[in-house]
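These notes concern the structure reproduced below.
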Amino acid sequence: MEKKLSVLSDTSLNIIVENASLKYALERLDKVSVKVLLVLDLEERLVAALTDGDVRRAILAGASLETPVSDVANYSPRYLENDDQNLAQMYLEKVTALPLVDLDKRIVKVYVKRADKREDSEKSLNLPVVIMAGGLGTRLYPYTKIFPKPLIPILDTPISERIIQSFQQIGCDEFHMIVNYKRNMIKAYYNDMDNCYNVHFWDEEVPLGTGGGLYFLRNHIKSTFILTNCDVLILDDVRKIVEHHKNEKNKVTMVCSLKNFEIPYGVVNFSEGGEISSFEEKPQMSFFTNTGYYILEPDVFRFINQGEKAGMPDIIDHMRLKGEKVGIYPISENAWLDMGQFDTMESMERKIKELNMD
């Protein structure tokens, strides 16, 4: 049997204690290439395992971000007590990572599977991708006085081209771009690309919002498709997002990112008579926010009227009220790169450099 095993050179980031919160687990999972955490008790013995899927299912089931890992983790993890690579090979067909432990259940090393490019290609998607690229990009003025937002470069490559390239890497080759502001400049750029990209353009004569322009595609897309704003990169596994969407039988799945926000002031709480009851210095809030990235079924076209300006959240809310199944897919904060504002554009560039995506 061909060996496809490797050993994690540094296991520290894949280790978490069982009284840690789900919020902390999400942050830790965001930093590791192997999306599994090995859960230790207070005596540093292996007691459980926690995957990104475990965390996601818990959040979707209503768990708080402050829920302890112990409420969610798998307390029957697979592990090796002898350094048997044949057994490790067999176990790794079913698990992401396999620790070798000593007699006291302390981790000695962790086996993982090496990447299999053939397996990845077999899992490739072939879904249409719609890019909403008609906005004025007012938050990026004065850049957008010269360039339309889809052509603003992120480390010398326009953001829309980066989006297209990211989808091509997972097997998507049909792209639709809804354009309005400076649309001739966008078309000219892609027409000069020697047909590297299969992009169809749809002209908005008037701005129709982040969802209204989908009306143009009602007779052209007949399958599950992906919709994204033109300023968003998602670093999570899109194949898993689509799989979740189909398993849940959603008509719409909104990808939502964890956001940690620190209020830059001290917050004062007081009673009805004006007496101070508590004071909190720069409190932190954690919540999930819409990334502008969706998996959709063609049923969505029934809820969009010709020429009507509509945002995707409004369309989704309409569908929800009509009894259609809509849901979310939660991702970590660092899995969402957004260039909608100057500070987030700089963060996107830093992250792309860190990940050698440039």
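Following the order of the structure tokens, first chain is A, next is B, and so on, with residues numbered from 1 inside each chain and ligands from 1 in the order they appear.
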
Next item on the list: Just list the residues in region 155-332 of chain A DSSP gives helix (DSSP H, G or I) on the backbone, as a PyMOL selection string.
Entry: chain A and resi 159-168+183-191+209-217+238-247+298-303+312-321

Notebook entry, point to check: Skipping near chain neighbours, those fewer than 5 positions away, what residues fall within 7 Å of Ile295 (chain A) using only C-alpha atoms, listed as JSON, numbers by chain?
Noted result: {"A": [225, 226, 227, 242, 252, 253, 254]}

Select from region 184-358 of chain A everything DSSP, run on the backbone, classes as strand (DSSP E), then give the selection as a tab-separated table (two decimals) with all heavy atoms, in the first residue's frame.
```
chain	number	residue	atom	x	y	z
A	199	VAL	N	-16.55	34.56	-19.39
A	199	VAL	CA	-17.36	35.53	-18.65
A	199	VAL	C	-18.46	36.08	-19.56
A	199	VAL	O	-18.19	36.57	-20.66
A	199	VAL	CB	-16.51	36.70	-18.12
A	199	VAL	CG1	-17.38	37.66	-17.29
A	199	VAL	CG2	-15.35	36.19	-17.28
A	200	HIS	N	-19.71	36.00	-19.07
A	200	HIS	CA	-20.85	36.60	-19.76
A	200	HIS	C	-21.24	37.86	-19.00
A	200	HIS	O	-21.36	37.83	-17.77
A	200	HIS	CB	-22.03	35.63	-19.79
A	200	HIS	CG	-21.69	34.27	-20.34
A	200	HIS	ND1	-21.68	34.00	-21.69
A	200	HIS	CD2	-21.33	33.13	-19.72
A	200	HIS	CE1	-21.33	32.73	-21.88
A	200	HIS	NE2	-21.11	32.19	-20.70
A	201	PHE	N	-21.45	38.95	-19.73
A	201	PHE	CA	-21.78	40.22	-19.09
A	201	PHE	C	-23.26	40.54	-19.26
A	201	PHE	O	-23.85	40.30	-20.31
A	201	PHE	CB	-20.94	41.35	-19.69
A	201	PHE	CG	-19.48	41.24	-19.37
A	201	PHE	CD1	-18.59	40.68	-20.28
A	201	PHE	CD2	-19.00	41.66	-18.13
A	201	PHE	CE1	-17.25	40.56	-19.97
A	201	PHE	CE2	-17.66	41.55	-17.82
A	201	PHE	CZ	-16.78	40.99	-18.75
A	202	TRP	N	-23.84	41.09	-18.17
A	202	TRP	CA	-25.25	41.48	-18.17
A	202	TRP	C	-25.33	42.93	-17.69
A	202	TRP	O	-24.87	43.26	-16.61
A	202	TRP	CB	-26.04	40.56	-17.24
A	202	TRP	CG	-25.90	39.12	-17.63
A	202	TRP	CD1	-24.94	38.25	-17.21
A	202	TRP	CD2	-26.71	38.40	-18.55
A	202	TRP	NE1	-25.10	37.02	-17.80
A	202	TRP	CE2	-26.19	37.08	-18.64
A	202	TRP	CE3	-27.84	38.74	-19.32
A	202	TRP	CZ2	-26.75	36.11	-19.45
A	202	TRP	CZ3	-28.40	37.75	-20.12
A	202	TRP	CH2	-27.86	36.47	-20.19
A	203	ASP	N	-25.88	43.79	-18.56
A	203	ASP	CA	-25.88	45.23	-18.30
A	203	ASP	C	-27.09	45.66	-17.48
A	203	ASP	O	-28.23	45.41	-17.86
A	203	ASP	CB	-25.90	46.00	-19.62
A	203	ASP	CG	-24.61	45.85	-20.41
A	203	ASP	OD1	-23.66	45.26	-19.86
A	203	ASP	OD2	-24.57	46.31	-21.56
A	225	PHE	N	-26.36	27.47	-8.09
A	225	PHE	CA	-25.30	28.38	-8.51
A	225	PHE	C	-24.78	29.19	-7.33
A	225	PHE	O	-25.37	29.18	-6.24
A	225	PHE	CB	-25.77	29.29	-9.66
A	225	PHE	CG	-26.83	30.30	-9.30
A	225	PHE	CD1	-26.51	31.63	-9.06
A	225	PHE	CD2	-28.18	29.93	-9.23
A	225	PHE	CE1	-27.50	32.56	-8.76
A	225	PHE	CE2	-29.17	30.85	-8.94
A	225	PHE	CZ	-28.83	32.18	-8.69
A	226	ILE	N	-23.67	29.86	-7.56
A	226	ILE	CA	-23.01	30.65	-6.53
A	226	ILE	C	-23.14	32.13	-6.89
A	226	ILE	O	-22.97	32.51	-8.05
A	226	ILE	CB	-21.52	30.28	-6.41
A	226	ILE	CG1	-21.37	28.79	-6.04
A	226	ILE	CG2	-20.81	31.14	-5.37
A	226	ILE	CD1	-19.97	28.25	-6.17
A	227	LEU	N	-23.46	32.94	-5.91
A	227	LEU	CA	-23.54	34.39	-6.09
A	227	LEU	C	-22.57	35.04	-5.12
A	227	LEU	O	-22.54	34.71	-3.93
A	227	LEU	CB	-24.96	34.89	-5.81
A	227	LEU	CG	-25.16	36.41	-5.78
A	227	LEU	CD1	-24.96	37.02	-7.16
A	227	LEU	CD2	-26.55	36.76	-5.23
A	228	THR	N	-21.77	35.98	-5.63
A	228	THR	CA	-20.84	36.68	-4.76
A	228	THR	C	-20.75	38.15	-5.14
A	228	THR	O	-20.87	38.51	-6.31
A	228	THR	CB	-19.42	36.05	-4.82
A	228	THR	OG1	-18.53	36.81	-4.00
A	228	THR	CG2	-18.88	36.03	-6.24
A	229	ASN	N	-20.56	38.99	-4.14
A	229	ASN	CA	-20.21	40.37	-4.41
A	229	ASN	C	-18.82	40.41	-5.05
A	229	ASN	O	-18.03	39.46	-4.90
A	229	ASN	CB	-20.23	41.20	-3.13
A	229	ASN	CG	-21.64	41.40	-2.59
A	229	ASN	OD1	-22.62	41.16	-3.27
A	229	ASN	ND2	-21.73	41.85	-1.34
A	232	VAL	N	-15.24	40.26	-2.46
A	232	VAL	CA	-15.18	39.25	-1.42
A	232	VAL	C	-14.36	38.04	-1.87
A	232	VAL	O	-14.55	37.54	-2.99
A	232	VAL	CB	-16.61	38.78	-1.05
A	232	VAL	CG1	-16.57	37.56	-0.15
A	232	VAL	CG2	-17.39	39.90	-0.40
A	233	LEU	N	-13.48	37.57	-1.01
A	233	LEU	CA	-12.81	36.28	-1.20
A	233	LEU	C	-13.12	35.42	0.03
A	233	LEU	O	-12.94	35.88	1.17
A	233	LEU	CB	-11.30	36.44	-1.34
A	233	LEU	CG	-10.77	36.95	-2.69
A	233	LEU	CD1	-9.28	37.23	-2.59
A	233	LEU	CD2	-11.05	35.95	-3.79
A	234	ILE	N	-13.57	34.19	-0.19
A	234	ILE	CA	-13.85	33.26	0.90
A	234	ILE	C	-12.77	32.18	0.88
A	234	ILE	O	-12.55	31.52	-0.16
A	234	ILE	CB	-15.25	32.63	0.74
A	234	ILE	CG1	-16.33	33.72	0.83
A	234	ILE	CG2	-15.48	31.55	1.79
A	234	ILE	CD1	-16.42	34.42	2.16
A	252	VAL	N	-31.63	28.83	-0.31
A	252	VAL	CA	-30.55	29.82	-0.22
A	252	VAL	C	-29.70	29.48	1.00
A	252	VAL	O	-30.24	29.19	2.07
A	252	VAL	CB	-31.08	31.26	-0.06
A	252	VAL	CG1	-29.92	32.24	0.07
A	252	VAL	CG2	-31.98	31.65	-1.22
A	253	THR	N	-28.39	29.52	0.82
A	253	THR	CA	-27.48	29.44	1.97
A	253	THR	C	-26.60	30.68	1.94
A	253	THR	O	-25.89	30.94	0.98
A	253	THR	CB	-26.60	28.18	1.91
A	253	THR	OG1	-27.44	27.02	1.99
A	253	THR	CG2	-25.61	28.16	3.07
A	254	MET	N	-26.70	31.46	3.00
A	254	MET	CA	-25.90	32.68	3.15
A	254	MET	C	-24.64	32.34	3.94
A	254	MET	O	-24.74	31.79	5.05
A	254	MET	CB	-26.71	33.75	3.90
A	254	MET	CG	-25.94	35.03	4.21
A	254	MET	SD	-26.86	36.11	5.38
A	254	MET	CE	-28.20	36.66	4.34
A	255	VAL	N	-23.49	32.64	3.40
A	255	VAL	CA	-22.24	32.41	4.13
A	255	VAL	C	-22.05	33.57	5.09
A	255	VAL	O	-22.03	34.74	4.68
A	255	VAL	CB	-21.05	32.29	3.16
A	255	VAL	CG1	-19.74	32.13	3.94
A	255	VAL	CG2	-21.26	31.09	2.23
A	256	CYS	N	-21.92	33.25	6.39
A	256	CYS	CA	-21.81	34.27	7.43
A	256	CYS	C	-20.50	34.09	8.20
A	256	CYS	O	-20.13	32.97	8.55
A	256	CYS	CB	-22.99	34.18	8.40
A	256	CYS	SG	-24.57	34.60	7.65
A	257	SER	N	-19.83	35.19	8.42
A	257	SER	CA	-18.53	35.15	9.09
A	257	SER	C	-18.64	35.64	10.53
A	257	SER	O	-19.37	36.59	10.82
A	257	SER	CB	-17.52	36.03	8.34
A	257	SER	OG	-16.34	36.20	9.08
A	258	LEU	N	-17.90	34.96	11.41
A	258	LEU	CA	-17.75	35.46	12.77
A	258	LEU	C	-17.05	36.81	12.73
A	258	LEU	O	-16.10	37.00	11.96
A	258	LEU	CB	-16.92	34.48	13.60
A	258	LEU	CG	-16.62	34.89	15.05
A	258	LEU	CD1	-17.89	34.94	15.87
A	258	LEU	CD2	-15.62	33.92	15.67
A	259	LYS	N	-17.54	37.74	13.51
A	259	LYS	CA	-16.91	39.06	13.59
A	259	LYS	C	-16.72	39.42	15.05
A	259	LYS	O	-17.68	39.38	15.84
A	259	LYS	CB	-17.80	40.11	12.91
A	259	LYS	CG	-17.13	41.45	12.68
A	259	LYS	CD	-16.07	41.36	11.61
A	259	LYS	CE	-15.45	42.72	11.32
A	259	LYS	NZ	-14.33	42.63	10.37
A	260	ASN	N	-15.50	39.73	15.41
A	260	ASN	CA	-15.19	40.17	16.77
A	260	ASN	C	-14.94	41.68	16.72
A	260	ASN	O	-14.08	42.15	15.98
A	260	ASN	CB	-13.95	39.46	17.31
A	260	ASN	CG	-14.18	37.97	17.44
A	260	ASN	OD1	-15.10	37.53	18.11
A	260	ASN	ND2	-13.34	37.16	16.78
A	261	PHE	N	-15.72	42.41	17.50
A	261	PHE	CA	-15.65	43.87	17.44
A	261	PHE	C	-15.47	44.43	18.85
A	261	PHE	O	-16.22	44.10	19.76
A	261	PHE	CB	-16.94	44.42	16.82
A	261	PHE	CG	-17.00	45.92	16.76
A	261	PHE	CD1	-16.25	46.61	15.84
A	261	PHE	CD2	-17.80	46.63	17.64
A	261	PHE	CE1	-16.30	48.00	15.77
A	261	PHE	CE2	-17.87	48.01	17.59
A	261	PHE	CZ	-17.11	48.70	16.64
A	262	GLU	N	-14.45	45.26	19.00
A	262	GLU	CA	-14.21	45.91	20.29
A	262	GLU	C	-14.75	47.33	20.26
A	262	GLU	O	-14.36	48.14	19.42
A	262	GLU	CB	-12.72	45.94	20.60
A	262	GLU	CG	-12.41	46.56	21.96
A	262	GLU	CD	-10.92	46.62	22.25
A	262	GLU	OE1	-10.38	45.63	22.77
A	262	GLU	OE2	-10.30	47.67	21.93
A	266	GLY	N	-15.37	53.08	26.99
A	266	GLY	CA	-15.91	52.45	28.18
A	266	GLY	C	-17.43	52.55	28.17
A	266	GLY	O	-17.98	53.61	27.86
A	267	VAL	N	-18.12	51.47	28.47
A	267	VAL	CA	-19.58	51.44	28.45
A	267	VAL	C	-20.11	51.53	29.88
A	267	VAL	O	-19.71	50.75	30.76
A	267	VAL	CB	-20.10	50.15	27.77
A	267	VAL	CG1	-21.62	50.07	27.87
A	267	VAL	CG2	-19.67	50.13	26.31
A	268	VAL	N	-21.00	52.47	30.10
A	268	VAL	CA	-21.55	52.72	31.43
A	268	VAL	C	-23.01	52.27	31.47
A	268	VAL	O	-23.80	52.63	30.59
A	268	VAL	CB	-21.47	54.22	31.81
A	268	VAL	CG1	-22.05	54.44	33.20
A	268	VAL	CG2	-20.04	54.71	31.72
A	269	ASN	N	-23.36	51.46	32.44
A	269	ASN	CA	-24.75	51.07	32.68
A	269	ASN	C	-25.22	51.75	33.96
A	269	ASN	O	-24.47	51.84	34.94
A	269	ASN	CB	-24.87	49.55	32.81
A	269	ASN	CG	-24.45	48.84	31.54
A	269	ASN	OD1	-24.96	49.12	30.47
A	269	ASN	ND2	-23.49	47.92	31.65
A	270	PHE	N	-26.44	52.27	33.92
A	270	PHE	CA	-26.92	52.98	35.10
A	270	PHE	C	-28.40	52.70	35.33
A	270	PHE	O	-29.13	52.28	34.42
A	270	PHE	CB	-26.68	54.50	34.97
A	270	PHE	CG	-27.21	55.10	33.70
A	270	PHE	CD1	-28.50	55.59	33.62
A	270	PHE	CD2	-26.39	55.18	32.57
A	270	PHE	CE1	-28.98	56.15	32.46
A	270	PHE	CE2	-26.86	55.73	31.40
A	270	PHE	CZ	-28.17	56.22	31.34
A	276	ILE	N	-24.83	54.70	38.80
A	276	ILE	CA	-24.05	53.77	38.00
A	276	ILE	C	-24.19	52.36	38.58
A	276	ILE	O	-23.98	52.14	39.78
A	276	ILE	CB	-22.56	54.17	37.96
A	276	ILE	CG1	-22.40	55.49	37.19
A	276	ILE	CG2	-21.72	53.08	37.31
A	276	ILE	CD1	-20.99	56.03	37.19
A	277	SER	N	-24.58	51.43	37.72
A	277	SER	CA	-24.73	50.04	38.17
A	277	SER	C	-23.55	49.17	37.74
A	277	SER	O	-23.23	48.18	38.38
A	277	SER	CB	-26.03	49.44	37.62
A	277	SER	OG	-26.08	49.54	36.21
A	278	SER	N	-22.90	49.52	36.63
A	278	SER	CA	-21.71	48.77	36.19
A	278	SER	C	-20.96	49.60	35.16
A	278	SER	O	-21.50	50.52	34.55
A	278	SER	CB	-22.10	47.41	35.59
A	278	SER	OG	-22.84	47.57	34.40
A	279	PHE	N	-19.70	49.23	34.99
A	279	PHE	CA	-18.85	49.93	34.03
A	279	PHE	C	-17.95	48.90	33.37
A	279	PHE	O	-17.34	48.07	34.05
A	279	PHE	CB	-18.01	51.00	34.73
A	279	PHE	CG	-17.15	51.80	33.79
A	279	PHE	CD1	-17.66	52.90	33.13
A	279	PHE	CD2	-15.83	51.44	33.57
A	279	PHE	CE1	-16.86	53.63	32.26
A	279	PHE	CE2	-15.03	52.16	32.70
A	279	PHE	CZ	-15.55	53.27	32.04
A	280	GLU	N	-17.89	48.91	32.04
A	280	GLU	CA	-17.08	47.93	31.31
A	280	GLU	C	-16.18	48.67	30.33
A	280	GLU	O	-16.65	49.41	29.47
A	280	GLU	CB	-17.98	46.94	30.57
A	280	GLU	CG	-17.23	45.75	30.02
A	280	GLU	CD	-18.17	44.71	29.44
A	280	GLU	OE1	-19.40	44.95	29.46
A	280	GLU	OE2	-17.68	43.67	28.96
A	281	GLU	N	-14.88	48.48	30.46
A	281	GLU	CA	-13.92	49.17	29.62
A	281	GLU	C	-13.72	48.42	28.30
A	281	GLU	O	-13.31	47.27	28.28
A	281	GLU	CB	-12.56	49.30	30.34
A	281	GLU	CG	-11.50	50.07	29.58
A	281	GLU	CD	-11.88	51.53	29.40
A	281	GLU	OE1	-12.59	52.08	30.26
A	281	GLU	OE2	-11.45	52.13	28.40
A	284	GLN	N	-16.03	43.68	24.26
A	284	GLN	CA	-15.99	43.02	22.96
A	284	GLN	C	-17.34	42.41	22.64
A	284	GLN	O	-18.02	41.87	23.51
A	284	GLN	CB	-14.92	41.93	22.93
A	284	GLN	CG	-13.51	42.46	22.70
A	284	GLN	CD	-12.59	41.38	22.15
A	284	GLN	OE1	-12.86	40.20	22.27
A	284	GLN	NE2	-11.50	41.80	21.55
A	285	MET	N	-17.73	42.50	21.38
A	285	MET	CA	-18.93	41.85	20.88
A	285	MET	C	-18.51	40.82	19.84
A	285	MET	O	-17.59	41.04	19.06
A	285	MET	CB	-19.87	42.88	20.23
A	285	MET	CG	-20.43	43.91	21.15
A	285	MET	SD	-21.45	45.11	20.23
A	285	MET	CE	-22.70	44.04	19.54
A	286	SER	N	-19.20	39.70	19.82
A	286	SER	CA	-18.97	38.67	18.80
A	286	SER	C	-20.32	38.35	18.16
A	286	SER	O	-21.31	38.12	18.86
A	286	SER	CB	-18.36	37.42	19.42
A	286	SER	OG	-17.08	37.69	19.95
A	287	PHE	N	-20.34	38.32	16.84
A	287	PHE	CA	-21.59	38.04	16.13
A	287	PHE	C	-21.24	37.53	14.73
A	287	PHE	O	-20.09	37.60	14.29
A	287	PHE	CB	-22.45	39.31	16.03
A	287	PHE	CG	-21.71	40.51	15.51
A	287	PHE	CD1	-21.65	40.78	14.16
A	287	PHE	CD2	-21.08	41.38	16.40
A	287	PHE	CE1	-20.96	41.88	13.68
A	287	PHE	CE2	-20.39	42.49	15.93
A	287	PHE	CZ	-20.32	42.75	14.57
A	288	PHE	N	-22.25	37.00	14.04
A	288	PHE	CA	-22.06	36.54	12.66
A	288	PHE	C	-22.67	37.57	11.71
A	288	PHE	O	-23.77	38.07	11.95
A	288	PHE	CB	-22.71	35.17	12.45
A	288	PHE	CG	-21.89	34.05	13.02
A	288	PHE	CD1	-22.12	33.57	14.30
A	288	PHE	CD2	-20.86	33.48	12.28
A	288	PHE	CE1	-21.36	32.56	14.84
A	288	PHE	CE2	-20.08	32.47	12.80
A	288	PHE	CZ	-20.33	32.00	14.08
A	289	THR	N	-21.95	37.86	10.63
A	289	THR	CA	-22.39	38.87	9.68
A	289	THR	C	-22.40	38.31	8.26
A	289	THR	O	-21.64	37.39	7.93
A	289	THR	CB	-21.48	40.11	9.76
A	289	THR	OG1	-22.03	41.16	8.96
A	289	THR	CG2	-20.07	39.80	9.28
A	290	ASN	N	-23.25	38.87	7.43
A	290	ASN	CA	-23.38	38.45	6.04
A	290	ASN	C	-22.13	38.83	5.25
A	290	ASN	O	-21.70	39.99	5.28
A	290	ASN	CB	-24.62	39.12	5.42
A	290	ASN	CG	-24.86	38.72	3.98
A	290	ASN	OD1	-24.25	37.80	3.46
A	290	ASN	ND2	-25.77	39.42	3.34
A	291	THR	N	-21.54	37.88	4.52
A	291	THR	CA	-20.32	38.14	3.75
A	291	THR	C	-20.62	38.60	2.32
A	291	THR	O	-19.70	39.01	1.60
A	291	THR	CB	-19.45	36.88	3.66
A	291	THR	OG1	-20.17	35.85	2.97
A	291	THR	CG2	-19.04	36.39	5.04
A	292	GLY	N	-21.88	38.51	1.89
A	292	GLY	CA	-22.19	38.82	0.51
A	292	GLY	C	-21.88	37.67	-0.44
A	292	GLY	O	-21.62	37.88	-1.63
A	293	TYR	N	-21.95	36.45	0.08
A	293	TYR	CA	-21.60	35.23	-0.67
A	293	TYR	C	-22.69	34.21	-0.40
A	293	TYR	O	-23.00	33.94	0.76
A	293	TYR	CB	-20.24	34.76	-0.16
A	293	TYR	CG	-19.55	33.65	-0.91
A	293	TYR	CD1	-18.42	33.91	-1.67
A	293	TYR	CD2	-19.97	32.33	-0.81
A	293	TYR	CE1	-17.74	32.89	-2.33
A	293	TYR	CE2	-19.31	31.32	-1.46
A	293	TYR	CZ	-18.19	31.60	-2.21
A	293	TYR	OH	-17.51	30.60	-2.85
A	294	TYR	N	-23.27	33.63	-1.47
A	294	TYR	CA	-24.45	32.79	-1.31
A	294	TYR	C	-24.38	31.56	-2.23
A	294	TYR	O	-23.81	31.62	-3.32
A	294	TYR	CB	-25.73	33.55	-1.68
A	294	TYR	CG	-25.87	34.92	-1.07
A	294	TYR	CD1	-25.30	36.04	-1.68
A	294	TYR	CD2	-26.58	35.12	0.11
A	294	TYR	CE1	-25.44	37.31	-1.14
A	294	TYR	CE2	-26.73	36.38	0.65
A	294	TYR	CZ	-26.15	37.47	0.03
A	294	TYR	OH	-26.28	38.73	0.58
A	295	ILE	N	-25.01	30.48	-1.80
A	295	ILE	CA	-25.33	29.35	-2.65
A	295	ILE	C	-26.84	29.39	-2.89
A	295	ILE	O	-27.61	29.48	-1.91
A	295	ILE	CB	-24.93	28.00	-2.03
A	295	ILE	CG1	-23.50	28.07	-1.45
A	295	ILE	CG2	-25.06	26.87	-3.05
A	295	ILE	CD1	-22.42	28.35	-2.44
A	296	LEU	N	-27.25	29.33	-4.15
A	296	LEU	CA	-28.66	29.54	-4.47
A	296	LEU	C	-29.20	28.43	-5.38
A	296	LEU	O	-28.47	27.87	-6.20
A	296	LEU	CB	-28.83	30.87	-5.22
A	296	LEU	CG	-28.37	32.15	-4.50
A	296	LEU	CD1	-28.33	33.31	-5.48
A	296	LEU	CD2	-29.29	32.47	-3.36
A	326	VAL	N	-34.31	28.71	3.97
A	326	VAL	CA	-33.09	29.50	3.83
A	326	VAL	C	-32.25	29.29	5.09
A	326	VAL	O	-32.79	29.14	6.18
A	326	VAL	CB	-33.40	31.00	3.59
A	326	VAL	CG1	-34.18	31.20	2.31
A	326	VAL	CG2	-34.17	31.59	4.77
A	327	GLY	N	-30.95	29.28	4.92
A	327	GLY	CA	-30.08	29.01	6.07
A	327	GLY	C	-28.74	29.69	5.93
A	327	GLY	O	-28.47	30.41	4.96
A	328	ILE	N	-27.89	29.47	6.91
A	328	ILE	CA	-26.55	30.06	6.88
A	328	ILE	C	-25.50	28.97	6.94
A	328	ILE	O	-25.78	27.81	7.30
A	328	ILE	CB	-26.32	31.05	8.05
A	328	ILE	CG1	-26.11	30.29	9.37
A	328	ILE	CG2	-27.44	32.05	8.17
A	328	ILE	CD1	-25.32	31.07	10.39
A	329	TYR	N	-24.28	29.36	6.57
A	329	TYR	CA	-23.10	28.51	6.74
A	329	TYR	C	-22.07	29.37	7.46
A	329	TYR	O	-21.56	30.35	6.91
A	329	TYR	CB	-22.57	28.05	5.40
A	329	TYR	CG	-21.43	27.05	5.50
A	329	TYR	CD1	-21.68	25.68	5.51
A	329	TYR	CD2	-20.10	27.48	5.59
A	329	TYR	CE1	-20.64	24.77	5.60
A	329	TYR	CE2	-19.07	26.57	5.69
A	329	TYR	CZ	-19.34	25.21	5.69
A	329	TYR	OH	-18.30	24.31	5.79
A	330	PRO	N	-21.77	29.08	8.73
A	330	PRO	CA	-20.84	29.92	9.49
A	330	PRO	C	-19.38	29.62	9.16
A	330	PRO	O	-18.99	28.46	9.02
A	330	PRO	CB	-21.16	29.57	10.94
A	330	PRO	CG	-21.68	28.17	10.89
A	330	PRO	CD	-22.36	28.01	9.56
A	331	ILE	N	-18.58	30.68	9.02
A	331	ILE	CA	-17.14	30.53	8.81
A	331	ILE	C	-16.42	31.41	9.83
A	331	ILE	O	-17.02	32.28	10.46
A	331	ILE	CB	-16.71	30.89	7.38
A	331	ILE	CG1	-17.02	32.38	7.08
A	331	ILE	CG2	-17.38	29.98	6.36
A	331	ILE	CD1	-16.49	32.86	5.75
A	336	TRP	N	-12.86	35.15	5.72
A	336	TRP	CA	-13.56	36.13	4.90
A	336	TRP	C	-12.64	37.32	4.65
A	336	TRP	O	-12.24	38.01	5.58
A	336	TRP	CB	-14.83	36.59	5.62
A	336	TRP	CG	-15.58	37.71	4.96
A	336	TRP	CD1	-15.71	37.95	3.62
A	336	TRP	CD2	-16.29	38.77	5.62
A	336	TRP	NE1	-16.47	39.07	3.39
A	336	TRP	CE2	-16.86	39.59	4.61
A	336	TRP	CE3	-16.54	39.07	6.96
A	336	TRP	CZ2	-17.63	40.70	4.91
A	336	TRP	CZ3	-17.32	40.18	7.26
A	336	TRP	CH2	-17.85	40.99	6.24
A	337	LEU	N	-12.28	37.53	3.39
A	337	LEU	CA	-11.49	38.69	3.00
A	337	LEU	C	-12.39	39.64	2.23
A	337	LEU	O	-13.02	39.26	1.25
A	337	LEU	CB	-10.30	38.28	2.13
A	337	LEU	CG	-9.33	37.24	2.72
A	337	LEU	CD1	-8.15	37.05	1.78
A	337	LEU	CD2	-8.85	37.66	4.10
A	338	ASP	N	-12.43	40.89	2.68
A	338	ASP	CA	-13.33	41.89	2.11
A	338	ASP	C	-12.53	43.14	1.77
A	338	ASP	O	-11.70	43.58	2.57
A	338	ASP	CB	-14.43	42.21	3.15
A	338	ASP	CG	-15.26	43.41	2.76
A	338	ASP	OD1	-15.58	43.53	1.58
A	338	ASP	OD2	-15.59	44.22	3.65
```

Note to self: Which residues are near region 145-152 of chain A? Cut-off 10 Å, only C-alpha atoms, ignore same chain within fewer than 6 positions. Put them as a ChimeraX atom specification.
What the structure shows: /A:131-139,158-163,177,179-186,189,229-231,339-340

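With only C-alpha atoms taken into account, the protein and nucleic acid residues at most 12 Å from Gln85 (chain A) (excluding it and anything under 6 positions from it in its own chain) are Met1, Glu2, Lys3, Lys4, Leu5, Ser6, Val7, Tyr79, Tyr91, Leu92, Leu98, Pro99, Leu100, Val110, Tyr111, Val112 and Lys113 of chain A.
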
Check: For the atom pair CA of Asp71 (chain A) and CA of Lys249 (chain A), what is the interatomic distance in Å to one decimal place?
Finding: 26.9 Å

Checklist line | Non-local contacts of Arg239 (chain A) (9 Å; only C-alpha atoms; under 5 positions in same chain excluded) as an MDAnalysis selection string | finding: chainID A and resid 123:125 170 244

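Picture a line from CA of Val36 (chain A) to CA of Leu50 (chain A); it runs 5.6 Å.
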
Next item on the list: Write out as a PyMOL selection string each polymer residue whose atoms come within 10 Å of Leu208 (chain A), counting only C-alpha atoms; drop sequence neighbours fewer than 2 positions from it.
Entry: chain A and resi 134-135+178+180+204-206+210-215+306-311

Item checked: Best match for closeness to Leu65 (chain A) among A:Ser332, A:Lys325, A:Val34, A:Ser223, counting only C-alpha atoms ->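 Checking each candidate against Leu65 (chain A), we get A:Ser332 as the closest.
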
Next item on the list: Tell me which of A:Leu40, A:Ala335, A:Ala61, A:Met319 sits closest to Ala20 (chain A), counting only C-alpha atoms.
Entry: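 Closest residue, counting only C-alpha atoms: A:Leu40.
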